[in-house]
$ cat entry33.tsv   # TSV, C-alpha atoms (C1' of nucleotides)
chain	number	residue	atom	x	y	z
L	1	MET	CA	0.00	0.00	0.00
L	2	ARG	CA	1.22	3.34	-1.07
L	3	VAL	CA	-0.01	5.17	1.98
L	4	ARG	CA	2.01	2.98	4.28
L	5	ARG	CA	5.14	3.30	2.20
L	6	LEU	CA	4.67	7.01	2.19
L	7	GLY	CA	4.41	7.01	5.96
L	8	ARG	CA	7.65	5.09	6.26
L	9	THR	CA	9.42	7.46	3.94
L	10	VAL	CA	8.20	10.51	5.80
L	11	THR	CA	9.25	8.97	9.08
L	12	ARG	CA	12.71	8.30	7.66
L	13	ILE	CA	13.12	11.83	6.37
L	14	PHE	CA	12.17	13.40	9.68
L	15	ASP	CA	13.98	10.96	11.92
L	16	ASP	CA	17.03	11.52	9.80
L	17	ALA	CA	16.88	15.27	10.10
L	18	LEU	CA	16.21	15.07	13.83
L	19	ARG	CA	18.81	12.43	14.65
L	20	PRO	CA	21.50	14.96	15.64
L	21	HIS	CA	19.12	16.21	18.28
L	22	GLY	CA	18.55	12.78	19.74
L	23	LEU	CA	14.88	12.34	19.09
L	24	GLY	CA	12.56	11.17	16.35
L	25	ILE	CA	9.47	12.54	14.78
L	26	ALA	CA	7.22	10.51	17.07
L	27	GLN	CA	8.70	12.10	20.15
L	28	LEU	CA	8.88	15.55	18.66
L	29	SER	CA	5.21	15.33	17.75
L	30	MET	CA	4.36	14.43	21.30
L	31	LEU	CA	6.47	17.22	22.72
L	32	VAL	CA	4.83	19.74	20.46
L	33	ALA	CA	1.39	18.43	21.30
L	34	ILE	CA	2.15	18.74	25.01
L	35	ALA	CA	3.57	22.20	24.52
L	36	ARG	CA	0.44	23.30	22.72
L	37	ALA	CA	-2.20	21.64	24.82
L	38	GLY	CA	-0.60	22.60	28.12
L	39	PRO	CA	-0.62	20.15	31.04
L	40	LEU	CA	-2.80	17.27	30.02
L	41	ARG	CA	-3.45	13.64	30.76
L	42	PRO	CA	-2.04	10.78	28.73
L	43	PHE	CA	-5.48	9.83	27.58
L	44	GLU	CA	-6.12	13.22	26.00
L	45	LEU	CA	-2.75	13.08	24.33
L	46	GLY	CA	-3.78	9.79	22.82
L	47	CYS	CA	-6.93	11.37	21.44
L	48	ILE	CA	-5.05	14.30	19.97
L	49	LEU	CA	-2.40	12.19	18.29
L	50	ASP	CA	-4.60	9.20	17.59
L	51	LEU	CA	-2.36	6.81	19.46
L	52	GLU	CA	-3.23	3.80	21.56
L	53	LYS	CA	-3.01	4.51	25.28
L	54	SER	CA	-0.25	1.98	25.82
L	55	THR	CA	1.83	3.62	23.13
L	56	VAL	CA	1.38	6.93	24.87
L	57	THR	CA	2.38	5.46	28.22
L	58	ARG	CA	5.61	4.11	26.85
L	59	ASN	CA	6.57	7.10	24.78
L	60	LEU	CA	6.00	9.27	27.81
L	61	GLU	CA	8.24	6.98	29.84
L	62	ARG	CA	11.09	7.54	27.43
L	63	MET	CA	10.61	11.27	27.44
L	64	LEU	CA	10.43	11.33	31.22
L	65	ALA	CA	13.70	9.43	31.33
L	66	HIS	CA	15.25	12.11	29.14
L	67	GLY	CA	13.94	14.80	31.45
L	68	TRP	CA	12.03	16.47	28.65
L	69	ILE	CA	8.72	16.33	30.47
L	70	ARG	CA	7.41	16.22	34.00
L	71	SER	CA	4.43	14.32	35.33
L	72	THR	CA	2.32	15.45	38.27
L	73	PRO	CA	-0.35	13.39	40.00
L	74	GLU	CA	-3.86	14.65	39.45
L	75	ALA	CA	-5.41	16.33	42.46
L	76	GLY	CA	-8.52	14.15	42.50
L	77	GLY	CA	-6.75	10.89	43.31
L	78	ASN	CA	-6.00	8.78	40.26
L	79	GLY	CA	-4.31	9.73	37.03
L	80	TYR	CA	-1.76	12.41	36.35
L	81	HIS	CA	-0.90	15.03	33.79
L	82	VAL	CA	2.27	15.83	31.93
L	83	GLU	CA	3.84	19.08	30.83
L	84	LEU	CA	7.10	20.21	29.30
L	85	GLU	CA	10.21	20.53	31.37
L	86	SER	CA	12.50	23.40	30.41
L	87	ALA	CA	14.84	20.89	28.80
L	88	GLY	CA	11.96	19.78	26.63
L	89	ARG	CA	11.10	23.30	25.63
L	90	ALA	CA	14.72	24.01	24.77
L	91	LEU	CA	14.92	20.84	22.73
L	92	VAL	CA	11.90	21.77	20.69
L	93	GLN	CA	13.45	25.16	19.99
L	94	ARG	CA	16.72	23.59	18.98
L	95	ALA	CA	15.11	20.98	16.75
L	96	TYR	CA	12.78	23.35	14.99
L	97	PRO	CA	15.18	24.32	12.15
L	98	ALA	CA	15.87	20.67	11.39
L	99	TRP	CA	12.15	20.08	11.33
L	100	LEU	CA	11.72	22.87	8.80
L	101	VAL	CA	14.40	21.41	6.58
L	102	ALA	CA	12.80	17.98	6.71
L	103	GLN	CA	9.43	19.49	5.98
L	104	GLU	CA	10.83	21.13	2.90
L	105	ARG	CA	12.58	18.00	1.80
L	106	ALA	CA	9.48	15.90	2.27
L	107	ARG	CA	7.46	18.34	0.26
L	108	ARG	CA	10.02	18.34	-2.51
L	109	GLU	CA	10.57	14.60	-2.66
L	110	LEU	CA	7.07	13.43	-1.98
L	111	GLY	CA	4.84	15.97	-3.57
L	112	GLU	CA	4.19	13.78	-6.57
L	113	ALA	CA	4.08	10.56	-4.65
L	114	LEU	CA	1.58	12.01	-2.24
L	115	GLU	CA	-0.49	13.28	-5.07
L	116	SER	CA	-0.62	10.00	-6.89
L	117	ALA	CA	-1.19	7.98	-3.73
L	118	MET	CA	-4.07	10.18	-2.87
L	119	ARG	CA	-5.56	9.86	-6.30
L	120	LYS	CA	-5.28	6.09	-6.27
L	121	ALA	CA	-6.64	5.73	-2.80
L	122	SER	CA	-9.51	8.14	-2.87
L	123	VAL	CA	-10.66	8.29	-6.43
L	124	GLY	CA	-10.64	5.01	-8.09
L	125	GLY	CA	-7.68	2.85	-8.93
L	126	ARG	CA	-6.43	-0.33	-7.44
L	127	SER	CA	-4.22	0.55	-4.52
L	128	VAL	CA	-1.53	-2.09	-4.41
S	129	MET	CA	2.22	14.70	10.84
S	130	ARG	CA	-0.86	13.83	8.99
S	131	VAL	CA	0.82	11.41	6.65
S	132	ARG	CA	2.09	9.31	9.52
S	133	ARG	CA	-1.25	9.27	11.27
S	134	LEU	CA	-2.85	8.25	8.03
S	135	GLY	CA	-0.40	5.40	7.69
S	136	ARG	CA	-1.22	4.17	11.17
S	137	THR	CA	-4.91	4.31	10.48
S	138	VAL	CA	-4.58	2.43	7.23
S	139	THR	CA	-2.45	-0.19	8.93
S	140	ARG	CA	-5.08	-0.60	11.63
S	141	ILE	CA	-7.90	-0.98	9.14
S	142	PHE	CA	-6.12	-3.65	7.15
S	143	ASP	CA	-4.64	-5.51	10.08
S	144	ASP	CA	-8.06	-5.55	11.60
S	145	ALA	CA	-9.70	-7.01	8.51
S	146	LEU	CA	-6.92	-9.54	8.09
S	147	ARG	CA	-6.69	-10.62	11.72
S	148	PRO	CA	-9.02	-13.62	11.28
S	149	HIS	CA	-6.58	-14.93	8.72
S	150	GLY	CA	-3.62	-14.64	11.03
S	151	LEU	CA	-1.55	-12.10	9.18
S	152	GLY	CA	-1.18	-8.37	8.86
S	153	ILE	CA	-0.93	-6.01	5.96
S	154	ALA	CA	2.87	-5.99	6.10
S	155	GLN	CA	3.02	-9.73	5.60
S	156	LEU	CA	0.27	-9.82	3.02
S	157	SER	CA	2.07	-7.17	1.03
S	158	MET	CA	5.20	-9.25	1.06
S	159	LEU	CA	3.35	-12.40	0.04
S	160	VAL	CA	1.73	-10.62	-2.86
S	161	ALA	CA	5.01	-9.10	-3.94
S	162	ILE	CA	6.64	-12.52	-3.90
S	163	ALA	CA	3.74	-14.04	-5.77
S	164	ARG	CA	4.02	-11.41	-8.45
S	165	ALA	CA	7.76	-11.17	-8.83
S	166	GLY	CA	8.30	-14.91	-8.75
S	167	PRO	CA	11.30	-16.39	-6.96
S	168	LEU	CA	13.46	-13.51	-5.94
S	169	ARG	CA	16.13	-12.54	-3.47
S	170	PRO	CA	15.48	-10.66	-0.27
S	171	PHE	CA	17.35	-7.68	-1.53
S	172	GLU	CA	15.07	-7.26	-4.53
S	173	LEU	CA	12.07	-7.58	-2.31
S	174	GLY	CA	13.43	-4.76	-0.22
S	175	CYS	CA	13.74	-2.59	-3.34
S	176	ILE	CA	10.22	-3.37	-4.46
S	177	LEU	CA	8.64	-2.67	-1.11
S	178	ASP	CA	11.08	0.03	-0.06
S	179	LEU	CA	12.03	-1.78	3.12
S	180	GLU	CA	15.34	-1.98	4.91
S	181	LYS	CA	17.11	-5.28	4.28
S	182	SER	CA	17.06	-6.27	7.94
S	183	THR	CA	13.32	-5.73	8.03
S	184	VAL	CA	12.97	-8.02	5.05
S	185	THR	CA	15.13	-10.69	6.66
S	186	ARG	CA	12.99	-10.76	9.76
S	187	ASN	CA	9.63	-10.63	8.07
S	188	LEU	CA	10.73	-13.49	5.86
S	189	GLU	CA	11.74	-15.45	8.95
S	190	ARG	CA	8.24	-15.17	10.33
S	191	MET	CA	6.66	-16.21	7.08
S	192	LEU	CA	9.04	-19.13	6.74
S	193	ALA	CA	8.07	-20.23	10.21
S	194	HIS	CA	4.44	-20.18	9.11
S	195	GLY	CA	5.30	-22.28	6.09
S	196	TRP	CA	3.93	-19.65	3.74
S	197	ILE	CA	7.13	-19.37	1.75
S	198	ARG	CA	10.12	-21.49	0.89
S	199	SER	CA	13.73	-20.39	0.55
S	200	THR	CA	16.23	-22.02	-1.76
S	201	PRO	CA	19.95	-21.36	-1.82
S	202	GLU	CA	21.14	-19.59	-4.91
S	203	ALA	CA	23.03	-21.80	-7.32
S	204	GLY	CA	26.04	-19.51	-7.53
S	205	GLY	CA	27.12	-19.85	-3.90
S	206	ASN	CA	25.87	-17.13	-1.60
S	207	GLY	CA	22.41	-15.74	-1.16
S	208	TYR	CA	19.08	-17.42	-1.75
S	209	HIS	CA	15.70	-16.71	-3.18
S	210	VAL	CA	12.20	-17.10	-1.82
S	211	GLU	CA	8.95	-18.13	-3.41
S	212	LEU	CA	5.46	-18.93	-2.26
S	213	GLU	CA	4.64	-22.27	-0.73
S	214	SER	CA	1.21	-23.62	-1.59
S	215	ALA	CA	0.04	-22.69	1.91
S	216	GLY	CA	1.07	-19.14	1.14
S	217	ARG	CA	-0.78	-19.09	-2.13
S	218	ALA	CA	-3.89	-20.49	-0.45
S	219	LEU	CA	-3.64	-17.90	2.29
S	220	VAL	CA	-3.49	-15.06	-0.19
S	221	GLN	CA	-6.58	-16.43	-1.91
S	222	ARG	CA	-8.40	-16.75	1.37
S	223	ALA	CA	-7.46	-13.30	2.59
S	224	TYR	CA	-8.29	-11.52	-0.63
S	225	PRO	CA	-11.96	-10.82	0.19
S	226	ALA	CA	-11.02	-9.34	3.54
S	227	TRP	CA	-8.48	-7.22	1.77
S	228	LEU	CA	-11.15	-5.92	-0.59
S	229	VAL	CA	-13.41	-5.04	2.30
S	230	ALA	CA	-10.62	-3.17	4.04
S	231	GLN	CA	-9.76	-1.40	0.84
S	232	GLU	CA	-13.31	-0.21	0.53
S	233	ARG	CA	-13.47	0.81	4.12
S	234	ALA	CA	-10.23	2.74	3.89
S	235	ARG	CA	-11.44	4.52	0.82
S	236	ARG	CA	-14.69	5.41	2.51
S	237	GLU	CA	-13.23	6.53	5.83
S	238	LEU	CA	-10.09	8.18	4.59
S	239	GLY	CA	-10.97	9.70	1.30
S	240	GLU	CA	-11.34	13.13	2.78
S	241	ALA	CA	-8.47	12.78	5.18
S	242	LEU	CA	-6.19	11.67	2.40
S	243	GLU	CA	-7.30	14.50	0.26
S	244	SER	CA	-6.68	17.13	2.88
S	245	ALA	CA	-3.39	15.63	4.01
S	246	MET	CA	-2.19	15.63	0.49
S	247	ARG	CA	-3.23	19.18	-0.04
S	248	LYS	CA	-1.47	20.33	3.10
S	249	ALA	CA	1.67	18.39	2.42
S	250	SER	CA	2.17	19.09	-1.21
S	251	VAL	CA	0.59	22.42	-1.87
S	252	GLY	CA	1.27	24.81	0.84
S	253	GLY	CA	0.02	24.71	4.38
S	254	ARG	CA	1.76	24.01	7.59
S	255	SER	CA	1.80	20.28	8.10
S	256	VAL	CA	1.60	19.70	11.82
C	257	DC	C1'	-23.52	1.56	52.77
C	258	DC	C1'	-21.81	-1.84	49.50
C	259	DC	C1'	-21.05	-3.63	45.11
C	260	DA	C1'	-20.85	-3.75	40.12
C	261	DG	C1'	-19.17	-1.51	36.32
C	262	DC	C1'	-16.65	1.93	33.99
C	263	DG	C1'	-12.65	4.64	32.69
C	264	DA	C1'	-7.73	5.48	32.72
C	265	DG	C1'	-3.38	3.59	33.09
C	266	DT	C1'	-0.06	-0.41	33.07
C	267	DT	C1'	1.93	-4.65	31.65
C	268	DG	C1'	2.70	-8.75	28.69
C	269	DC	C1'	3.35	-9.95	24.26
C	270	DA	C1'	3.97	-9.57	19.30
C	271	DT	C1'	5.08	-7.08	15.02
C	272	DA	C1'	7.16	-3.76	12.11
C	273	DT	C1'	10.72	-0.93	11.31
C	274	DA	C1'	15.38	1.20	11.08
C	275	DC	C1'	20.46	1.95	11.81
C	276	DA	C1'	25.01	0.20	12.86
C	277	DA	C1'	28.24	-3.27	12.95
C	278	DC	C1'	29.63	-7.42	11.42
C	279	DG	C1'	30.32	-11.78	8.13
C	280	DC	C1'	31.14	-13.73	3.92
C	281	DA	C1'	31.66	-14.47	-0.83
C	282	DT	C1'	32.84	-12.56	-5.15
C	283	DG	C1'	35.14	-10.03	-8.46
C	284	DG	C1'	38.46	-6.69	-9.95
C	285	DC	C1'	43.08	-4.92	-9.53
C	286	DA	C1'	47.80	-4.76	-8.33
N	287	DT	C1'	48.05	-14.87	-7.20
N	288	DG	C1'	46.58	-12.57	-3.32
N	289	DC	C1'	44.26	-8.66	-1.30
N	290	DC	C1'	40.80	-5.23	-0.85
N	291	DA	C1'	36.38	-3.07	-1.97
N	292	DT	C1'	31.73	-3.87	-2.71
N	293	DG	C1'	27.31	-5.97	-2.21
N	294	DC	C1'	24.03	-8.90	0.14
N	295	DG	C1'	22.61	-10.99	4.31
N	296	DT	C1'	22.47	-11.37	9.52
N	297	DT	C1'	22.63	-9.87	14.22
N	298	DG	C1'	22.44	-6.49	17.97
N	299	DT	C1'	19.87	-2.86	19.68
N	300	DA	C1'	16.27	0.59	19.97
N	301	DT	C1'	11.74	2.72	18.75
N	302	DA	C1'	7.10	2.76	17.66
N	303	DT	C1'	2.96	0.67	17.59
N	304	DG	C1'	-1.19	-2.17	18.73
N	305	DC	C1'	-4.20	-5.67	21.17
N	306	DA	C1'	-5.56	-8.13	25.27
N	307	DA	C1'	-5.65	-8.71	29.94
N	308	DC	C1'	-5.17	-6.80	34.18
N	309	DT	C1'	-5.38	-3.14	38.10
N	310	DC	C1'	-7.24	0.32	40.69
N	311	DG	C1'	-10.03	4.03	42.08
N	312	DC	C1'	-14.19	6.29	41.57
N	313	DT	C1'	-19.16	6.52	40.95
N	314	DG	C1'	-23.90	5.42	40.49
N	315	DG	C1'	-27.60	1.93	41.72
N	316	DG	C1'	-29.73	-0.60	44.94
$ encode --input "entry33.tsv" --output "structure tokens"
Amino acid sequence: MRVRRLGRTVTRIFDDALRPHGLGIAQLSMLVAIARAGPLRPFELGCILDLEKSTVTRNLERMLAHGWIRSTPEAGGNGYHVELESAGRALVQRAYPAWLVAQERARRELGEALESAMRKASVGGRSV
Amino acid sequence: MRVRRLGRTVTRIFDDALRPHGLGIAQLSMLVAIARAGPLRPFELGCILDLEKSTVTRNLERMLAHGWIRSTPEAGGNGYHVELESAGRALVQRAYPAWLVAQERARRELGEALESAMRKASVGGRSV
DNA sequence: CCCAGCGAGTTGCATATACAACGCATGGCA
DNA sequence: TGCCATGCGTTGTATATGCAACTCGCTGGG
């Protein structure tokens, strides 16, 4: 399936550009989502990013280990929320230029592929 | 990134539809590729599917273990090639209807999403 | 007041995927 | 002829991802 291949390629492009900063596109996406949505609970993060809750749990673990985020127990007993640590904020700042470059590269390299994949998948042709 | 999310969703839809048959879209794709391209070496498979060689090695391992494919050493010394076992061929036949259903469902559910993702990514807008 | 069920999070397990480092055979080149 | 570069495959390691089963605390019904 073209869409899946496309996803892999995009992931490679971004991970590649972000490698010097020590994180991948999955983690950067989560950091940005947390930055934007303020302190929030894992569950909400899952909704925003369309990720299974267990995936969120484990990605958060890694980012906690790096000190990029902080987690605070929810007042009302169970659950907790996460927010950016200053290290996380700094990292996002630092990685932003690389992200831009990757964005540009993806657009350049995949414009056509995206276009044709979309046509195949949503208009009419056979998709594999 | 929308493209990645889209890829995940597509994967879920197909894996879901194929689950009763005991394989996922990644494996089905490989089976079909092998069926089409005849006996071929792992490396070529990687080129066709745009997968890293180590990924190919390990996916082939799993499919070998299932008895879906057979591997034969290359005449000229090193390397080998793989081809479908009859079980593999039968499986592809059996799974085909489910694949069709998933295809339809993906088209229905993602047509718009694909369209907009493609527009954002290849025309102009900010992509995250 | 107690219990059943629900919702959020965790854990076990499996797959898919990639990069880096290594192994091994082959083929050209000195 | 013998050695090195190159190409294909494997192995080590790490992420990302999902499903299923479980836990635990709250909350609404009785």
$ residues_near_point --input "entry33.tsv" --point "(26.9, -13.9, 2.5)" --cutoff "6 Å" --atoms "all atoms listed in the file" --output "list in words"
Asn206 of chain S; DC280 and DA281 of chain C; DG295 of chain N
$ interface_residues --input "entry33.tsv" --of "chain N" --to "chain L" --cutoff "7 Å" --atoms "all atoms listed in the file" --output "list in words"
DT303, DG304 and DG311 of chain N
$ atom_distance --input "entry33.tsv" --atom1 "atom CA of Thr137 of chain S" --atom2 "atom CA of Ala33 of chain L"
18.9 Å
$ closest_residue --input "entry33.tsv" --among "N:DC289, N:DA302, N:DA307, N:DC312" --to "DG261 of chain C" --atoms "all atoms listed in the file"
N:DC312
$ atom_distance --input "entry33.tsv" --atom1 "atom CA of Ala218 of chain S" --atom2 "atom CA of Trp196 of chain S"
8.9 Å
$ residues_around --input "entry33.tsv" --residues "DG298 of chain N" --least-positions-apart "2" --cutoff "10 Å" --atoms "all atoms listed in the file" --output "tab-separated table (two decimals) with C-alpha atoms (C1' of nucleotides), in the frame of the given file"
chain	number	residue	atom	x	y	z
C	276	DA	C1'	25.01	0.20	12.86
C	277	DA	C1'	28.24	-3.27	12.95
C	278	DC	C1'	29.63	-7.42	11.42
N	296	DT	C1'	22.47	-11.37	9.52
N	300	DA	C1'	16.27	0.59	19.97
$ atom_distance --input "entry33.tsv" --atom1 "atom CA of Leu134 of chain S" --atom2 "atom CA of Val10 of chain L"
11.5 Å
$ closest_residue --input "entry33.tsv" --among "S:Leu168, S:Leu159, S:Ile153, S:Met129" --to "chain C" --atoms "all atoms listed in the file"
S:Ile153
$ residues_near_point --input "entry33.tsv" --point "(32.5, -7.9, -6.7)" --cutoff "8 Å" --atoms "all atoms listed in the file" --output "ChimeraX atom specification"
/C:282-284 /N:291-293
$ closest_residue --input "entry33.tsv" --among "S:Gly166, S:Gly216, S:Gly150, S:Gly174" --to "chain L" --atoms "all atoms listed in the file"
S:Gly174
$ interface_residues --input "entry33.tsv" --of "chain C" --to "chain L" --cutoff "8 Å" --atoms "only C-alpha atoms (C1' of nucleotides)" --output "VMD selection string"
chain C and resid 264 to 266
$ write_last_selection --input "entry33.tsv" --atoms "C-alpha atoms (C1' of nucleotides)" --output "mmCIF file, in the frame of the given file"
data_model
loop_
_atom_site.group_PDB
_atom_site.id
_atom_site.type_symbol
_atom_site.label_atom_id
_atom_site.label_comp_id
_atom_site.auth_asym_id
_atom_site.auth_seq_id
_atom_site.Cartn_x
_atom_site.Cartn_y
_atom_site.Cartn_z
ATOM 1 C "C1'" DA C 264 -7.730 5.480 32.720
ATOM 2 C "C1'" DG C 265 -3.380 3.590 33.090
ATOM 3 C "C1'" DT C 266 -0.060 -0.410 33.070
#
$ closest_residue --input "entry33.tsv" --among "L:Leu49, L:Val101, L:Ile13, L:Leu23" --to "chain S" --atoms "all atoms listed in the file"
L:Leu49
$ decode --input "entry33.tsv" --residues "chain C" --atoms "C-alpha atoms (C1' of nucleotides)" --output "PDB file, in the first residue's frame"
ATOM      1  C1'  DC C 257     -23.521   1.561  52.770  1.00  0.00           C
ATOM      2  C1'  DC C 258     -21.813  -1.842  49.498  1.00  0.00           C
ATOM      3  C1'  DC C 259     -21.049  -3.630  45.105  1.00  0.00           C
ATOM      4  C1'  DA C 260     -20.847  -3.749  40.119  1.00  0.00           C
ATOM      5  C1'  DG C 261     -19.169  -1.511  36.316  1.00  0.00           C
ATOM      6  C1'  DC C 262     -16.648   1.926  33.988  1.00  0.00           C
ATOM      7  C1'  DG C 263     -12.651   4.639  32.692  1.00  0.00           C
ATOM      8  C1'  DA C 264      -7.732   5.482  32.719  1.00  0.00           C
ATOM      9  C1'  DG C 265      -3.376   3.585  33.091  1.00  0.00           C
ATOM     10  C1'  DT C 266      -0.064  -0.413  33.074  1.00  0.00           C
ATOM     11  C1'  DT C 267       1.931  -4.650  31.648  1.00  0.00           C
ATOM     12  C1'  DG C 268       2.699  -8.750  28.695  1.00  0.00           C
ATOM     13  C1'  DC C 269       3.350  -9.951  24.257  1.00  0.00           C
ATOM     14  C1'  DA C 270       3.968  -9.566  19.303  1.00  0.00           C
ATOM     15  C1'  DT C 271       5.076  -7.078  15.019  1.00  0.00           C
ATOM     16  C1'  DA C 272       7.157  -3.758  12.112  1.00  0.00           C
ATOM     17  C1'  DT C 273      10.721  -0.934  11.308  1.00  0.00           C
ATOM     18  C1'  DA C 274      15.384   1.199  11.081  1.00  0.00           C
ATOM     19  C1'  DC C 275      20.460   1.950  11.807  1.00  0.00           C
ATOM     20  C1'  DA C 276      25.015   0.201  12.861  1.00  0.00           C
ATOM     21  C1'  DA C 277      28.245  -3.269  12.948  1.00  0.00           C
ATOM     22  C1'  DC C 278      29.629  -7.419  11.417  1.00  0.00           C
ATOM     23  C1'  DG C 279      30.323 -11.777   8.133  1.00  0.00           C
ATOM     24  C1'  DC C 280      31.141 -13.725   3.919  1.00  0.00           C
ATOM     25  C1'  DA C 281      31.658 -14.474  -0.826  1.00  0.00           C
ATOM     26  C1'  DT C 282      32.840 -12.562  -5.146  1.00  0.00           C
ATOM     27  C1'  DG C 283      35.138 -10.028  -8.459  1.00  0.00           C
ATOM     28  C1'  DG C 284      38.461  -6.688  -9.953  1.00  0.00           C
ATOM     29  C1'  DC C 285      43.084  -4.923  -9.531  1.00  0.00           C
ATOM     30  C1'  DA C 286      47.802  -4.764  -8.333  1.00  0.00           C
TER      31       DA C 286
END
